[in-house]
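Notes to accompany the following structure.
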Amino acid sequence: MKFSLGAIQYFWPRDVVMNFYQQAAESSVDIVYLGETVCSKRRELKFDDYLAIAHSLREAGKQVCLSTMTLLEAPSELRELRRYCDQGEFLIEANDVGAIAYLQEHKLPFVAGSAISCYNQYTLRHLMNRGMNRWVMPVELSREWLTQLLQQPLVKDVRDCLEVEVFAFGHMPLAWSGRCFTARSENRPKDQCELVCIQYPEGRPVSSQEGQQVFVLNGIQTQSGSRYNLINQLPSMQGIVDVVRLSPQLMGTFDWLEKFRANRFGQAPQPLAKNDSNGYWLALAGLVQQLD
Amino acid sequence: MELLCPAGSMPALKAAIEQGADAVYVGLKDETNARHFAGLNLDEASLKEAVRYVHQQQRKLHVAINTFAHADTFQVWQNAVDVAVRAGADVLILADIAMLAYAAERYPQVEVHLSVQASATNAAAIEFYQQFGVKRVVLPRVLSMNQVRSLARSTSVDLEVFAFGSLCIMAEGRCYLSSYLTGESPNTVGACSPAKFVRWDEGDEGTLESRLNNILIDRFAPEETAGYPTLCKGRFQVGNDTYHALEEPTSLNTLSLLPELYQEGIASLKIEGRQRSPAYVSQITRVWRQAIDSVMADASRFQVQQEWDRVLADLSEGRQTTLGAYHRKWK
């Protein structure tokens, strides 16, 4: 079982990002995903900056993947996507099928991110035929769904050519819109957002009128209000999940990485915080926290 | 420019045809389509009847099979495609790569449209799906008019856009908000904010509370109109404010964009609402038929008639309409 750090979902100032990847280089993490996946207006770091970080992480012994945008709308966003897909040096995480179309032109392998709709063995095989060598399961799927999928003969035949990755820690990306909800929360139009997301390095919490945190606003992305935390489910991933993903949080990501590593076989279970959830993996509503 | 209307039943289908729809789209009575609601949709026998009726009137029937197949019950989706083809449907509306591949291999002669649930928002994504021979792409409701225009000018496939109806504000097919709150989503069960999780509670002083799986979605004052608790249209707290944090209860209405959509060669205008009544379908279809006829007669002199706006506003969520993402200000 390997551990990965997903791309930073929030808009952090440049020095915070640099500091984070310095820690990543010194940490025990196996795989690091890098790049802007939410909003193309967030440009504290540019393509060349990410490449430089990628090189230094690789020198530190990490496998590096470049993550690409999820909701691609403008031609300028496609041009930027093409730069990532054309560089050829680092593996790409495709978060939209548009990236897969570009990578196919070069016959390059790819990781399919969790926002690619892959729910069954035929779609999985199709993506593998196109070069997918790692599959990040959609966040809404359960252990049961994954097990059923992996049991299909069509998948069993090629299982050793595929790594399965599961988003296991952090606020889950649940939706993407043409609208920017963070700008809206400040009464600004998206065109004049003034990059207000940078003031919310953990996103903006959204609560019901009874005070229950339901979502987190992160620009055009809506995240789960709860922090997904599958630390105590790691033993149930043995044999079916190859890579466990932690999504970078502003605080404590690397402490959690060590806690996760320590509990791979259930030797060091952790108490969950009040706002932690594990429902999706257990085939329940995503926001549910089920105690063992 | 085609007028494509929704039907969740035979009476709705007939209403759409009678009022001048060029084509009607339906779903089967199971989890293979994104309006899998009790009492809605057609079984195999009524689908055959629908095809017969629509073809008699020389119109077209599209069948939406636009959820994502499950690993252990894959044959349910395969069967849906087989049933639709056997019944003589003119078009399959598909989203799952597995189903696109199946239809392309098994029924290469059948016209396939890429469902909005496939979430193709850009030229590269459309290029990806062209390997399955899709003839038309239904665009998600997240694009601005400028972006629609740029796609229309750069792609060789036909484009279909949503013209009117409930407004989905997230990139369709990639929204998991519903399963986050209830365990069931459009992708996995074919429903958003499913009715079985809805509860209405009387609050203090005549207020009404709408809940989804026990989570408070909205609270209405006695004089307010209470809408269905679609989770992205509730009132929530952000900072010190309580407001419609994601979107207001409102319907998409693109009447004023008709000349532009027509000039850009948009192949089809889709009306949302398979879950709506035959009377609703009838009124909406009548308005859009008149509007499309008017724009096709002379786009330069097209004007939205007040009567159309009045009818559409009456049939809208919260009696409000919006241009949604087509208009920059909405974003």
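Ordering of the structure tokens sets the chain letters (A, B, ...), residue numbers begin anew at 1 in every chain, and ligands are numbered from 1 in the order given.
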
Contact residues (chain A, partner chain B, 6 Å, only C-alpha atoms) as a ChimeraX atom specification: /A:73,97-98,101,120,122-123,149,174-179,190,206-209,284-287

Backbone-only DSSP, strand (DSSP E) members of region 146-209 of chain A, as a ChimeraX atom specification: /A:163-176,204-207

Residues of region 82-271 of chain B in helix (DSSP H, G or I), written as a PDB file with C-alpha atoms, in the first residue's frame:
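Written file, part_15.pdb:
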```pdb
ATOM      1  CA  ASP B  82     -31.285  -3.283 -26.848  1.00  0.00           C
ATOM      2  CA  VAL B  83     -34.890  -2.432 -25.936  1.00  0.00           C
ATOM      3  CA  ALA B  84     -34.605   1.107 -27.303  1.00  0.00           C
ATOM      4  CA  VAL B  85     -33.114  -0.071 -30.584  1.00  0.00           C
ATOM      5  CA  ARG B  86     -35.634  -2.886 -30.903  1.00  0.00           C
ATOM      6  CA  ALA B  87     -38.494  -0.448 -30.341  1.00  0.00           C
ATOM      7  CA  ILE B  97     -18.185   5.206 -21.993  1.00  0.00           C
ATOM      8  CA  ALA B  98     -19.198   1.558 -21.608  1.00  0.00           C
ATOM      9  CA  MET B  99     -22.580   2.184 -23.218  1.00  0.00           C
ATOM     10  CA  LEU B 100     -21.123   4.384 -25.961  1.00  0.00           C
ATOM     11  CA  ALA B 101     -18.691   1.610 -26.823  1.00  0.00           C
ATOM     12  CA  TYR B 102     -21.447  -1.007 -26.716  1.00  0.00           C
ATOM     13  CA  ALA B 103     -23.778   0.968 -28.977  1.00  0.00           C
ATOM     14  CA  ALA B 104     -20.989   1.838 -31.422  1.00  0.00           C
ATOM     15  CA  GLU B 105     -20.033  -1.805 -31.764  1.00  0.00           C
ATOM     16  CA  ARG B 106     -23.443  -3.477 -31.643  1.00  0.00           C
ATOM     17  CA  VAL B 116     -25.203  16.133 -20.795  1.00  0.00           C
ATOM     18  CA  GLN B 117     -24.294  13.646 -18.058  1.00  0.00           C
ATOM     19  CA  ALA B 118     -21.060  12.904 -19.925  1.00  0.00           C
ATOM     20  CA  ALA B 123     -13.409  20.813 -27.725  1.00  0.00           C
ATOM     21  CA  ALA B 124     -10.894  18.245 -26.441  1.00  0.00           C
ATOM     22  CA  ALA B 125     -13.568  16.336 -24.528  1.00  0.00           C
ATOM     23  CA  ILE B 126     -15.768  16.340 -27.624  1.00  0.00           C
ATOM     24  CA  GLU B 127     -12.811  15.006 -29.597  1.00  0.00           C
ATOM     25  CA  PHE B 128     -12.504  12.182 -27.051  1.00  0.00           C
ATOM     26  CA  TYR B 129     -16.143  11.169 -27.500  1.00  0.00           C
ATOM     27  CA  GLN B 130     -16.014  11.347 -31.288  1.00  0.00           C
ATOM     28  CA  MET B 145     -22.743  32.121 -24.550  1.00  0.00           C
ATOM     29  CA  ASN B 146     -19.204  33.044 -25.632  1.00  0.00           C
ATOM     30  CA  GLN B 147     -17.994  29.560 -24.816  1.00  0.00           C
ATOM     31  CA  VAL B 148     -20.946  27.972 -26.619  1.00  0.00           C
ATOM     32  CA  ARG B 149     -20.166  30.137 -29.641  1.00  0.00           C
ATOM     33  CA  SER B 150     -16.521  29.209 -29.639  1.00  0.00           C
ATOM     34  CA  LEU B 151     -17.391  25.510 -29.461  1.00  0.00           C
ATOM     35  CA  ALA B 152     -19.978  25.834 -32.202  1.00  0.00           C
ATOM     36  CA  ARG B 153     -17.330  27.367 -34.448  1.00  0.00           C
ATOM     37  CA  SER B 154     -14.625  24.824 -33.684  1.00  0.00           C
ATOM     38  CA  LEU B 177     -23.760  16.450  -3.791  1.00  0.00           C
ATOM     39  CA  SER B 178     -26.860  14.277  -3.770  1.00  0.00           C
ATOM     40  CA  SER B 179     -25.092  11.091  -2.743  1.00  0.00           C
ATOM     41  CA  TYR B 180     -23.116  13.046  -0.181  1.00  0.00           C
ATOM     42  CA  LEU B 181     -26.353  13.942   1.620  1.00  0.00           C
ATOM     43  CA  THR B 182     -28.475  10.868   0.817  1.00  0.00           C
ATOM     44  CA  PRO B 186     -27.851  10.967 -10.565  1.00  0.00           C
ATOM     45  CA  ASN B 187     -24.877   8.852 -11.615  1.00  0.00           C
ATOM     46  CA  THR B 188     -25.571   5.894  -9.336  1.00  0.00           C
ATOM     47  CA  VAL B 189     -29.381   5.709  -9.103  1.00  0.00           C
ATOM     48  CA  ALA B 195     -38.149  12.237  -3.117  1.00  0.00           C
ATOM     49  CA  LYS B 196     -37.977   9.412  -0.583  1.00  0.00           C
ATOM     50  CA  PHE B 197     -35.522  11.484   1.491  1.00  0.00           C
ATOM     51  CA  ASP B 204     -42.546  27.719  14.949  1.00  0.00           C
ATOM     52  CA  GLU B 205     -44.965  30.504  13.981  1.00  0.00           C
ATOM     53  CA  GLY B 206     -46.173  28.919  10.775  1.00  0.00           C
ATOM     54  CA  LEU B 231     -30.034  20.483  -2.248  1.00  0.00           C
ATOM     55  CA  CYS B 232     -28.205  23.108  -4.317  1.00  0.00           C
ATOM     56  CA  LYS B 233     -31.184  25.471  -4.057  1.00  0.00           C
ATOM     57  CA  LEU B 255     -35.700  32.919 -25.100  1.00  0.00           C
ATOM     58  CA  SER B 256     -33.699  36.135 -25.434  1.00  0.00           C
ATOM     59  CA  LEU B 257     -30.679  34.199 -26.735  1.00  0.00           C
ATOM     60  CA  LEU B 258     -32.607  32.467 -29.491  1.00  0.00           C
ATOM     61  CA  PRO B 259     -31.296  34.563 -32.416  1.00  0.00           C
ATOM     62  CA  GLU B 260     -27.698  34.009 -31.316  1.00  0.00           C
ATOM     63  CA  LEU B 261     -28.172  30.281 -30.794  1.00  0.00           C
ATOM     64  CA  TYR B 262     -29.799  30.079 -34.200  1.00  0.00           C
ATOM     65  CA  GLN B 263     -27.036  32.035 -35.915  1.00  0.00           C
TER      66      GLN B 263
END
```

Shell around Thr182 (chain A) at 12 Å using only C-alpha atoms, local window under 3 positions removed, as number ranges by chain: A: 10-11, 39, 177, 179, 185-190, 192-206, 216-223; B: 238-239, 245-246, 331

Go ahead and save the picked residues with N, CA and C atoms, as an mmCIF file, in the first residue's frame.
```
data_model
loop_
_atom_site.group_PDB
_atom_site.id
_atom_site.type_symbol
_atom_site.label_atom_id
_atom_site.label_comp_id
_atom_site.auth_asym_id
_atom_site.auth_seq_id
_atom_site.Cartn_x
_atom_site.Cartn_y
_atom_site.Cartn_z
ATOM 1 N N TYR A 10 -6.982 23.993 -2.724
ATOM 2 C CA TYR A 10 -7.273 25.393 -2.366
ATOM 3 C C TYR A 10 -6.279 26.335 -3.049
ATOM 4 N N PHE A 11 -6.574 27.627 -2.926
ATOM 5 C CA PHE A 11 -5.676 28.629 -3.498
ATOM 6 C C PHE A 11 -4.790 29.161 -2.379
ATOM 7 N N CYS A 39 -9.289 26.121 -10.640
ATOM 8 C CA CYS A 39 -9.591 27.391 -11.308
ATOM 9 C C CYS A 39 -8.358 27.942 -12.013
ATOM 10 N N SER A 177 -18.772 24.071 -11.004
ATOM 11 C CA SER A 177 -19.807 24.878 -11.651
ATOM 12 C C SER A 177 -19.197 25.976 -12.511
ATOM 13 N N ARG A 179 -20.217 28.813 -12.095
ATOM 14 C CA ARG A 179 -20.293 29.923 -11.140
ATOM 15 C C ARG A 179 -19.211 29.790 -10.079
ATOM 16 N N SER A 185 -20.134 34.535 -2.496
ATOM 17 C CA SER A 185 -20.282 34.702 -1.048
ATOM 18 C C SER A 185 -19.779 36.068 -0.602
ATOM 19 N N GLU A 186 -19.008 36.713 -1.453
ATOM 20 C CA GLU A 186 -18.519 38.061 -1.147
ATOM 21 C C GLU A 186 -19.215 39.103 -2.020
ATOM 22 N N ASN A 187 -20.304 38.688 -2.643
ATOM 23 C CA ASN A 187 -21.061 39.587 -3.522
ATOM 24 C C ASN A 187 -20.252 40.144 -4.681
ATOM 25 N N ARG A 188 -19.341 39.338 -5.177
ATOM 26 C CA ARG A 188 -18.553 39.770 -6.334
ATOM 27 C C ARG A 188 -18.922 38.893 -7.526
ATOM 28 N N PRO A 189 -18.960 39.507 -8.732
ATOM 29 C CA PRO A 189 -19.098 38.657 -9.911
ATOM 30 C C PRO A 189 -17.782 37.899 -10.158
ATOM 31 N N LYS A 190 -17.886 36.764 -10.830
ATOM 32 C CA LYS A 190 -16.703 35.936 -11.085
ATOM 33 C C LYS A 190 -15.638 36.710 -11.861
ATOM 34 N N GLN A 192 -14.864 39.692 -11.642
ATOM 35 C CA GLN A 192 -14.126 40.614 -10.760
ATOM 36 C C GLN A 192 -13.902 39.975 -9.393
ATOM 37 N N CYS A 193 -13.441 38.742 -9.408
ATOM 38 C CA CYS A 193 -13.335 37.994 -8.144
ATOM 39 C C CYS A 193 -12.161 38.485 -7.300
ATOM 40 N N GLU A 194 -11.217 39.179 -7.942
ATOM 41 C CA GLU A 194 -10.005 39.632 -7.246
ATOM 42 C C GLU A 194 -9.316 38.503 -6.500
ATOM 43 N N LEU A 195 -9.465 37.298 -7.034
ATOM 44 C CA LEU A 195 -8.784 36.114 -6.487
ATOM 45 C C LEU A 195 -9.031 35.962 -4.988
ATOM 46 N N VAL A 196 -10.289 36.201 -4.632
ATOM 47 C CA VAL A 196 -10.655 36.218 -3.217
ATOM 48 C C VAL A 196 -10.435 34.859 -2.544
ATOM 49 N N CYS A 197 -10.338 33.796 -3.331
ATOM 50 C CA CYS A 197 -10.116 32.460 -2.760
ATOM 51 C C CYS A 197 -8.846 32.395 -1.906
ATOM 52 N N ILE A 198 -7.905 33.266 -2.209
ATOM 53 C CA ILE A 198 -6.637 33.210 -1.482
ATOM 54 C C ILE A 198 -6.833 33.575 -0.007
ATOM 55 N N GLN A 199 -7.931 34.243 0.270
ATOM 56 C CA GLN A 199 -8.244 34.562 1.680
ATOM 57 C C GLN A 199 -8.861 33.391 2.417
ATOM 58 N N TYR A 200 -9.188 32.329 1.692
ATOM 59 C CA TYR A 200 -9.840 31.174 2.318
ATOM 60 C C TYR A 200 -9.033 29.899 2.041
ATOM 61 N N PRO A 201 -7.885 29.759 2.683
ATOM 62 C CA PRO A 201 -7.007 28.624 2.381
ATOM 63 C C PRO A 201 -7.586 27.269 2.783
ATOM 64 N N GLU A 202 -8.710 27.296 3.494
ATOM 65 C CA GLU A 202 -9.415 26.042 3.779
ATOM 66 C C GLU A 202 -10.818 26.071 3.185
ATOM 67 N N GLY A 203 -11.063 26.989 2.261
ATOM 68 C CA GLY A 203 -12.389 27.161 1.694
ATOM 69 C C GLY A 203 -13.308 27.870 2.672
ATOM 70 N N ARG A 204 -14.564 28.108 2.238
ATOM 71 C CA ARG A 204 -15.549 28.753 3.126
ATOM 72 C C ARG A 204 -16.599 27.739 3.536
ATOM 73 N N PRO A 205 -16.731 27.486 4.832
ATOM 74 C CA PRO A 205 -17.728 26.510 5.277
ATOM 75 C C PRO A 205 -19.161 26.987 5.023
ATOM 76 N N VAL A 206 -20.011 26.057 4.650
ATOM 77 C CA VAL A 206 -21.438 26.311 4.443
ATOM 78 C C VAL A 206 -22.197 25.438 5.434
ATOM 79 N N VAL A 216 -18.254 22.863 1.740
ATOM 80 C CA VAL A 216 -17.201 23.870 1.808
ATOM 81 C C VAL A 216 -17.111 24.480 0.404
ATOM 82 N N LEU A 217 -17.151 25.804 0.339
ATOM 83 C CA LEU A 217 -17.025 26.474 -0.959
ATOM 84 C C LEU A 217 -15.551 26.672 -1.266
ATOM 85 N N ASN A 218 -15.150 26.254 -2.457
ATOM 86 C CA ASN A 218 -13.764 26.450 -2.874
ATOM 87 C C ASN A 218 -13.765 26.940 -4.311
ATOM 88 N N GLY A 219 -14.117 28.213 -4.485
ATOM 89 C CA GLY A 219 -14.204 28.767 -5.839
ATOM 90 C C GLY A 219 -15.367 28.147 -6.582
ATOM 91 N N ILE A 220 -15.094 27.602 -7.774
ATOM 92 C CA ILE A 220 -16.154 26.977 -8.566
ATOM 93 C C ILE A 220 -16.436 25.554 -8.095
ATOM 94 N N GLN A 221 -15.628 25.102 -7.141
ATOM 95 C CA GLN A 221 -15.769 23.736 -6.634
ATOM 96 C C GLN A 221 -16.584 23.737 -5.334
ATOM 97 N N THR A 222 -17.422 22.724 -5.172
ATOM 98 C CA THR A 222 -18.093 22.520 -3.895
ATOM 99 C C THR A 222 -17.536 21.247 -3.286
ATOM 100 N N GLN A 223 -17.106 21.364 -2.030
ATOM 101 C CA GLN A 223 -16.531 20.208 -1.347
ATOM 102 C C GLN A 223 -17.479 19.698 -0.263
ATOM 103 N N VAL B 238 -23.283 31.116 5.302
ATOM 104 C CA VAL B 238 -21.869 31.274 4.965
ATOM 105 C C VAL B 238 -21.413 32.537 5.685
ATOM 106 N N GLY B 239 -20.409 32.408 6.535
ATOM 107 C CA GLY B 239 -20.039 33.553 7.372
ATOM 108 C C GLY B 239 -21.242 33.952 8.216
ATOM 109 N N ALA B 245 -26.773 29.907 -1.061
ATOM 110 C CA ALA B 245 -25.314 29.944 -1.211
ATOM 111 C C ALA B 245 -24.877 29.430 -2.576
ATOM 112 N N LEU B 246 -25.637 28.499 -3.150
ATOM 113 C CA LEU B 246 -25.251 27.953 -4.447
ATOM 114 C C LEU B 246 -26.139 28.539 -5.548
ATOM 115 N N LYS B 331 -22.429 34.253 -13.297
ATOM 116 C CA LYS B 331 -21.318 33.496 -12.746
ATOM 117 C C LYS B 331 -20.740 34.149 -11.502
#
```

For Glu18 (chain B), list every protein, DNA or RNA residue within 9 Å, evaluated using only C-alpha atoms, and leave out those in the same chain fewer than 5 positions away; present the list as a tab-separated table (two decimals) with C-alpha atoms, in the first residue's frame.
```
chain	number	residue	atom	x	y	z
B	13	LEU	CA	-45.42	12.79	-25.22
B	282	SER	CA	-48.01	21.32	-23.55
B	285	THR	CA	-43.88	23.40	-26.10
B	286	ARG	CA	-46.45	25.83	-27.54
```

Option closest in space to Ser27 (chain A), from A:Leu257, A:Cys85, A:Leu291, A:Leu72 [counting only C-alpha atoms]: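 Distance minimum relative to Ser27 (chain A) lands on A:Leu257.
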
Computed interatomic separation between CA of Pro249 (chain B) and CA of Glu272 (chain B) (Å):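 Separating CA of Pro249 (chain B) from CA of Glu272 (chain B) is a distance of 15.0 Å.
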